[in-house]
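Shown below: model.cif, with mmCIF, C-alpha atoms.
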```cif
data_entry
loop_
_atom_site.label_atom_id
_atom_site.label_comp_id
_atom_site.auth_asym_id
_atom_site.auth_seq_id
_atom_site.Cartn_x
_atom_site.Cartn_y
_atom_site.Cartn_z
CA MET L 11 104.51 141.59 41.89
CA SER L 12 103.88 144.17 44.56
CA ARG L 13 107.02 146.24 45.19
CA ILE L 14 106.26 146.47 48.89
CA GLY L 15 104.94 142.92 49.18
CA LYS L 16 108.06 141.23 47.82
CA LYS L 17 110.44 142.86 50.35
CA ALA L 18 111.51 140.59 53.19
CA ILE L 19 110.87 141.64 56.81
CA THR L 20 113.89 141.05 59.04
CA ILE L 21 113.00 139.76 62.47
CA PRO L 22 115.05 141.45 65.25
CA SER L 23 116.31 139.46 68.22
CA GLY L 24 113.75 139.07 70.98
CA VAL L 25 110.79 138.95 68.58
CA THR L 26 108.91 135.69 68.03
CA ILE L 27 106.31 135.04 65.36
CA GLU L 28 103.82 132.18 65.31
CA MET L 29 100.79 131.28 63.24
CA ILE L 30 97.58 130.55 65.16
CA GLY L 31 94.75 129.69 62.80
CA SER L 32 94.56 132.52 60.27
CA ASP L 33 96.28 134.99 62.63
CA MET L 34 99.97 135.79 62.82
CA VAL L 35 100.91 136.59 66.45
CA VAL L 36 103.99 138.81 66.87
CA LYS L 37 105.49 138.88 70.38
CA GLY L 38 108.32 141.11 71.54
CA PRO L 39 109.75 142.95 74.54
CA LYS L 40 107.07 145.69 74.38
CA GLY L 41 104.03 143.41 74.01
CA GLN L 42 102.21 141.38 71.40
CA THR L 43 100.06 142.12 68.36
CA LYS L 44 97.94 140.01 66.05
CA VAL L 45 97.62 140.36 62.26
CA ASN L 46 94.86 138.53 60.39
CA ILE L 47 96.27 136.84 57.28
CA LEU L 48 93.68 137.09 54.52
CA PRO L 49 92.89 134.26 52.06
CA GLY L 50 95.29 134.06 49.12
CA ILE L 51 98.29 135.32 51.11
CA VAL L 52 101.04 132.99 52.37
CA VAL L 53 103.58 134.04 55.03
CA GLU L 54 106.78 132.05 55.51
CA VAL L 55 109.57 132.41 58.09
CA LYS L 56 113.01 131.60 56.64
CA ASP L 57 116.49 132.56 57.89
CA ASN L 58 115.24 135.03 60.52
CA ALA L 59 113.08 136.88 57.96
CA LEU L 60 109.41 136.94 56.96
CA TYR L 61 108.43 136.49 53.33
CA VAL L 62 104.92 137.35 52.12
CA THR L 63 103.70 135.78 48.86
CA ARG L 64 100.34 135.37 47.16
CA THR L 65 98.75 132.26 45.72
CA ASN L 66 97.07 133.84 42.69
CA ASP L 67 96.95 137.07 40.68
CA GLU L 68 93.36 138.10 41.32
CA ARG L 69 92.82 141.81 41.80
CA GLN L 70 91.82 141.51 45.48
CA THR L 71 94.75 139.22 46.33
CA ARG L 72 97.21 141.61 44.66
CA ALA L 73 95.76 144.46 46.74
CA PHE L 74 96.11 142.46 49.97
CA HIS L 75 99.72 141.42 49.24
CA GLY L 76 101.35 144.77 50.08
CA LEU L 77 98.82 145.47 52.83
CA ILE L 78 99.58 142.30 54.80
CA ARG L 79 103.34 142.85 54.42
CA SER L 80 103.01 146.44 55.73
CA LEU L 81 100.84 145.36 58.66
CA LEU L 82 103.33 142.63 59.61
CA ASN L 83 106.26 145.05 59.34
CA ASN L 84 104.44 147.60 61.52
CA SER L 85 103.77 144.88 64.11
CA VAL L 86 107.41 143.78 64.19
CA ILE L 87 108.61 147.37 64.62
CA GLY L 88 105.90 148.06 67.22
CA VAL L 89 106.74 145.14 69.52
CA SER L 90 110.49 145.72 69.26
CA GLN L 91 110.85 149.55 69.27
CA GLY L 92 107.34 150.97 69.66
CA TYR L 93 105.84 154.06 68.04
CA LYS L 94 105.88 157.61 69.37
CA LYS L 95 104.14 160.85 68.37
CA THR L 96 104.83 164.24 69.94
CA LEU L 97 102.31 167.08 70.13
CA LYS L 98 103.07 170.71 71.00
CA LEU L 99 100.57 173.19 72.46
CA ILE L 100 101.12 176.66 71.00
CA GLY L 101 99.22 179.59 72.48
CA THR L 102 98.99 181.78 75.55
CA GLY L 103 97.52 179.80 78.44
CA TYR L 104 97.48 176.50 76.56
CA ARG L 105 98.81 173.79 78.86
CA VAL L 106 98.54 170.13 79.62
CA THR L 107 98.71 168.19 82.88
CA ALA L 108 98.80 164.47 83.48
CA LYS L 109 95.70 163.25 85.30
CA GLY L 110 96.04 159.60 86.27
CA GLN L 111 96.46 157.65 83.04
CA GLY L 112 94.89 160.46 80.97
CA LEU L 113 95.40 164.14 80.25
CA SER L 114 93.75 167.41 81.19
CA LEU L 115 94.11 170.03 78.47
CA SER L 116 93.53 173.78 78.93
CA LEU L 117 93.03 175.06 75.40
CA GLY L 118 91.17 178.33 75.81
CA PHE L 119 87.75 176.81 76.34
CA SER L 120 85.65 177.64 79.41
CA HIS L 121 86.45 174.19 80.78
CA PRO L 122 89.43 171.82 80.73
CA VAL L 123 89.22 169.00 78.20
CA GLU L 124 89.81 165.52 79.64
CA VAL L 125 91.40 162.84 77.42
CA ALA L 126 91.38 159.23 78.65
CA ALA L 127 94.22 156.89 77.69
CA ALA L 128 93.21 154.10 75.35
CA GLU L 129 94.37 150.57 76.06
CA GLY L 130 98.03 150.14 75.09
CA ILE L 131 98.64 153.90 74.87
CA LYS L 132 100.90 155.76 77.30
CA PHE L 133 101.00 159.54 77.71
CA THR L 134 104.07 161.43 78.90
CA VAL L 135 103.89 165.16 79.64
CA GLU L 136 107.09 167.14 79.18
CA SER L 137 106.99 170.67 80.66
CA ASN L 138 103.43 171.96 80.30
CA ASP L 139 103.16 172.25 76.53
CA THR L 140 104.47 168.94 75.12
CA ILE L 141 102.72 165.57 74.99
CA HIS L 142 104.44 162.30 74.02
CA ILE L 143 102.10 159.48 72.92
CA GLU L 144 103.65 156.00 72.90
CA GLY L 145 102.39 152.52 72.06
CA ILE L 146 103.03 149.38 70.02
CA GLY L 147 100.29 149.96 67.42
CA LYS L 148 101.18 152.47 64.69
CA GLN L 149 97.55 153.10 63.78
CA GLU L 150 96.40 153.47 67.40
CA VAL L 151 99.17 155.95 68.30
CA GLY L 152 98.45 158.03 65.20
CA GLN L 153 94.69 158.00 65.83
CA VAL L 154 95.03 159.13 69.46
CA ALA L 155 97.38 161.93 68.36
CA ALA L 156 94.94 163.00 65.62
CA ASN L 157 92.01 163.01 68.08
CA ILE L 158 93.92 165.26 70.51
CA ARG L 159 94.97 167.57 67.66
CA LYS L 160 91.35 167.74 66.47
CA ILE L 161 90.27 169.34 69.78
CA ARG L 162 92.02 172.60 68.83
CA PRO L 163 93.76 172.39 65.42
CA PRO L 164 96.33 175.10 64.57
CA GLU L 165 94.76 178.17 63.05
CA PRO L 166 96.49 179.97 60.16
CA TYR L 167 96.54 183.57 61.47
CA LYS L 168 98.35 183.33 64.81
CA GLY L 169 99.35 179.66 64.64
CA LYS L 170 97.68 178.83 67.96
CA GLY L 171 96.50 175.31 68.66
CA VAL L 172 97.72 171.75 69.04
CA ARG L 173 100.21 170.60 66.40
CA TYR L 174 102.64 167.79 65.75
CA HIS L 175 106.19 168.70 66.80
CA ASP L 176 107.44 168.70 63.19
CA GLU L 177 104.32 170.22 61.62
CA VAL L 178 104.71 173.47 59.73
CA VAL L 179 101.65 175.73 59.84
CA ARG L 180 101.34 178.05 56.84
CA ARG L 181 100.50 181.50 58.11
CA LYS L 182 98.08 183.87 56.39
CA ALA L 183 98.36 187.62 56.35
CA GLY L 184 95.72 189.38 58.41
CA LYS L 185 93.52 192.26 57.32
CA THR L 186 95.23 195.45 56.27
CA ALA L 187 93.69 198.85 56.92
CA THR L 188 93.13 200.98 53.81
CA LYS L 189 92.83 204.73 53.68
#
```
For this file, write the structure as structure tokens.
Amino acid sequence: MSRIGKKAITIPSGVTIEMIGSDMVVKGPKGQTKVNILPGIVVEVKDNALYVTRTNDERQTRAFHGLIRSLLNNSVIGVSQGYKKTLKLIGTGYRVTAKGQGLSLSLGFSHPVEVAAAEGIKFTVESNDTIHIEGIGKQEVGQVAANIRKIRPPEPYKGKGVRYHDEVVRRKAGKTATK
């Protein structure tokens, strides 16, 4: 049995779950998400909890067991609490401004970099060097944060660039002059 797959998912108040065809629709105060239930996986709602089981022990079904449980858990957390990532801009002259629904980043290039907000993603700019990315999809929030970080990743000598708020950048020693 999958260790992750056999754990029950508690359903918080305000969250409703219904099966439509082969999709499990999770609705909550922040929005709704849809998880496709793959063949061989059975999802049951009992006593305000979700239980994920499998119908056989084939290799592919065993692999999907934990996956479907994790996707359902992420959906339940997303529609009830939401997900949030925070990015910090480190460097002289590096700043961010909100531009409509998107962002305008000044990262030392000859031009500002424009980032459009994806559907279901909300940007919040705190001061001029902190970006908060919020949404109900864990994967979407993480991907948008990774795409922004990829524009100017932190470099190891001075530590300049875009980094996650809790990221630790290992610094390298620079050149030393020899005589």
Could you name the residues that touch Gly145 of chain L at 6 Å or less, counting all atoms listed in the file, but leaving out those on the same chain fewer than 4 positions away, as a ChimeraX atom specification?
/L:92-93,130-131
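The gap separating atom CA of Val154 of chain L from atom CA of Ser116 of chain L is 17.5 Å, in Å to one decimal.
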Residues matched by the PyMOL selection byres ((chain L and resi 52) around 9) as JSON, numbers by chain:
{"L": [47, 48, 49, 50, 51, 53, 54, 61, 62, 63, 64, 65]}
Tell me which of L:Asn46, L:Ser137, L:Gln91, L:Asn66 sits closest to Met29 of chain L, counting all atoms listed in the file.
L:Asn46
Just want the 6 Å neighbourhood of segment 172-183 of chain L, counted on only C-alpha atoms, with same-chain residues fewer than 5 positions away dropped. Output as a compact mmCIF listing (two decimals) with C-alpha atoms, in the coordinates of the input.
```
# COMPACT_ATOMS: atom_id res chain seq x y z
CA THR L 96 104.83 164.24 69.94
CA LEU L 97 102.31 167.08 70.13
CA LYS L 98 103.07 170.71 71.00
CA LEU L 99 100.57 173.19 72.46
CA ARG L 159 94.97 167.57 67.66
CA ARG L 162 92.02 172.60 68.83
CA PRO L 163 93.76 172.39 65.42
CA PRO L 164 96.33 175.10 64.57
CA PRO L 166 96.49 179.97 60.16
CA TYR L 167 96.54 183.57 61.47
```
For the provided coordinates, the residues matched by the PyMOL selection byres ((chain L and resi 18) around 12) should be stated as a ChimeraX atom specification.
/L:13-17,19-21,53-63,76,79-80,82-83
Suppose we keep C-alpha atoms; can you now write the selection as an mmCIF file, keeping the file's coordinate frame?
```
data_model
loop_
_atom_site.group_PDB
_atom_site.id
_atom_site.type_symbol
_atom_site.label_atom_id
_atom_site.label_comp_id
_atom_site.auth_asym_id
_atom_site.auth_seq_id
_atom_site.Cartn_x
_atom_site.Cartn_y
_atom_site.Cartn_z
ATOM 1 C CA ARG L 13 107.020 146.240 45.190
ATOM 2 C CA ILE L 14 106.260 146.470 48.890
ATOM 3 C CA GLY L 15 104.940 142.920 49.180
ATOM 4 C CA LYS L 16 108.060 141.230 47.820
ATOM 5 C CA LYS L 17 110.440 142.860 50.350
ATOM 6 C CA ILE L 19 110.870 141.640 56.810
ATOM 7 C CA THR L 20 113.890 141.050 59.040
ATOM 8 C CA ILE L 21 113.000 139.760 62.470
ATOM 9 C CA VAL L 53 103.580 134.040 55.030
ATOM 10 C CA GLU L 54 106.780 132.050 55.510
ATOM 11 C CA VAL L 55 109.570 132.410 58.090
ATOM 12 C CA LYS L 56 113.010 131.600 56.640
ATOM 13 C CA ASP L 57 116.490 132.560 57.890
ATOM 14 C CA ASN L 58 115.240 135.030 60.520
ATOM 15 C CA ALA L 59 113.080 136.880 57.960
ATOM 16 C CA LEU L 60 109.410 136.940 56.960
ATOM 17 C CA TYR L 61 108.430 136.490 53.330
ATOM 18 C CA VAL L 62 104.920 137.350 52.120
ATOM 19 C CA THR L 63 103.700 135.780 48.860
ATOM 20 C CA GLY L 76 101.350 144.770 50.080
ATOM 21 C CA ARG L 79 103.340 142.850 54.420
ATOM 22 C CA SER L 80 103.010 146.440 55.730
ATOM 23 C CA LEU L 82 103.330 142.630 59.610
ATOM 24 C CA ASN L 83 106.260 145.050 59.340
#
```
Select, from L:Lys168, L:Lys37, L:Gly112, L:Arg72, the residue with the minimum atom-to-atom distance to Ile143 of chain L, counting only C-alpha atoms.
L:Gly112
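With distances taken over all atoms listed in the file, L:Val45 is the one residue among L:Gly103, L:Ser120, L:Val45, L:Phe133 lying closest to Leu81 of chain L.
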Generate the missing atoms of segment 139-165 of chain L up to N, CA and C atoms and report them as a tab-separated table (two decimals), in the coordinates of the input.
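Now in selection.tsv:
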```tsv
chain	number	residue	atom	x	y	z
L	139	ASP	N	103.67	172.02	77.88
L	139	ASP	CA	103.16	172.25	76.53
L	139	ASP	C	103.55	171.16	75.53
L	140	THR	N	104.05	170.03	76.02
L	140	THR	CA	104.47	168.94	75.12
L	140	THR	C	103.89	167.62	75.61
L	141	ILE	N	103.31	166.87	74.68
L	141	ILE	CA	102.72	165.57	74.99
L	141	ILE	C	103.42	164.52	74.13
L	142	HIS	N	103.89	163.44	74.75
L	142	HIS	CA	104.44	162.30	74.02
L	142	HIS	C	103.42	161.16	74.13
L	143	ILE	N	103.05	160.59	72.98
L	143	ILE	CA	102.10	159.48	72.92
L	143	ILE	C	102.87	158.26	72.43
L	144	GLU	N	102.87	157.19	73.23
L	144	GLU	CA	103.65	156.00	72.90
L	144	GLU	C	102.77	154.76	72.93
L	145	GLY	N	103.11	153.79	72.09
L	145	GLY	CA	102.39	152.52	72.06
L	145	GLY	C	103.01	151.57	71.06
L	146	ILE	N	102.47	150.36	70.96
L	146	ILE	CA	103.03	149.38	70.02
L	146	ILE	C	102.26	149.34	68.71
L	147	GLY	N	101.08	149.95	68.65
L	147	GLY	CA	100.29	149.96	67.42
L	147	GLY	C	100.44	151.28	66.69
L	148	LYS	N	100.96	151.25	65.46
L	148	LYS	CA	101.18	152.47	64.69
L	148	LYS	C	99.87	153.22	64.44
L	149	GLN	N	98.83	152.48	64.07
L	149	GLN	CA	97.55	153.10	63.78
L	149	GLN	C	96.93	153.69	65.03
L	150	GLU	N	97.00	152.99	66.16
L	150	GLU	CA	96.40	153.47	67.40
L	150	GLU	C	97.08	154.74	67.90
L	151	VAL	N	98.43	154.77	67.85
L	151	VAL	CA	99.17	155.95	68.30
L	151	VAL	C	98.82	157.15	67.43
L	152	GLY	N	98.79	156.94	66.12
L	152	GLY	CA	98.45	158.03	65.20
L	152	GLY	C	97.03	158.52	65.38
L	153	GLN	N	96.09	157.61	65.65
L	153	GLN	CA	94.69	158.00	65.83
L	153	GLN	C	94.49	158.80	67.10
L	154	VAL	N	95.14	158.39	68.20
L	154	VAL	CA	95.03	159.13	69.46
L	154	VAL	C	95.62	160.53	69.29
L	155	ALA	N	96.76	160.63	68.61
L	155	ALA	CA	97.38	161.93	68.36
L	155	ALA	C	96.46	162.81	67.51
L	156	ALA	N	95.84	162.24	66.49
L	156	ALA	CA	94.94	163.00	65.62
L	156	ALA	C	93.70	163.46	66.38
L	157	ASN	N	93.18	162.62	67.29
L	157	ASN	CA	92.01	163.01	68.08
L	157	ASN	C	92.34	164.16	69.02
L	158	ILE	N	93.53	164.15	69.63
L	158	ILE	CA	93.92	165.26	70.51
L	158	ILE	C	94.12	166.53	69.69
L	159	ARG	N	94.75	166.41	68.52
L	159	ARG	CA	94.97	167.57	67.66
L	159	ARG	C	93.65	168.16	67.18
L	160	LYS	N	92.65	167.30	66.98
L	160	LYS	CA	91.35	167.74	66.47
L	160	LYS	C	90.60	168.62	67.47
L	161	ILE	N	90.95	168.53	68.76
L	161	ILE	CA	90.27	169.34	69.78
L	161	ILE	C	90.49	170.82	69.51
L	162	ARG	N	91.71	171.21	69.16
L	162	ARG	CA	92.02	172.60	68.83
L	162	ARG	C	93.12	172.61	67.76
L	163	PRO	N	92.75	172.41	66.47
L	163	PRO	CA	93.76	172.39	65.42
L	163	PRO	C	94.42	173.76	65.25
L	164	PRO	N	95.65	173.81	64.73
L	164	PRO	CA	96.33	175.10	64.57
L	164	PRO	C	95.59	175.98	63.58
L	165	GLU	N	95.45	177.26	63.94
L	165	GLU	CA	94.76	178.17	63.05
L	165	GLU	C	95.81	178.98	62.26
```
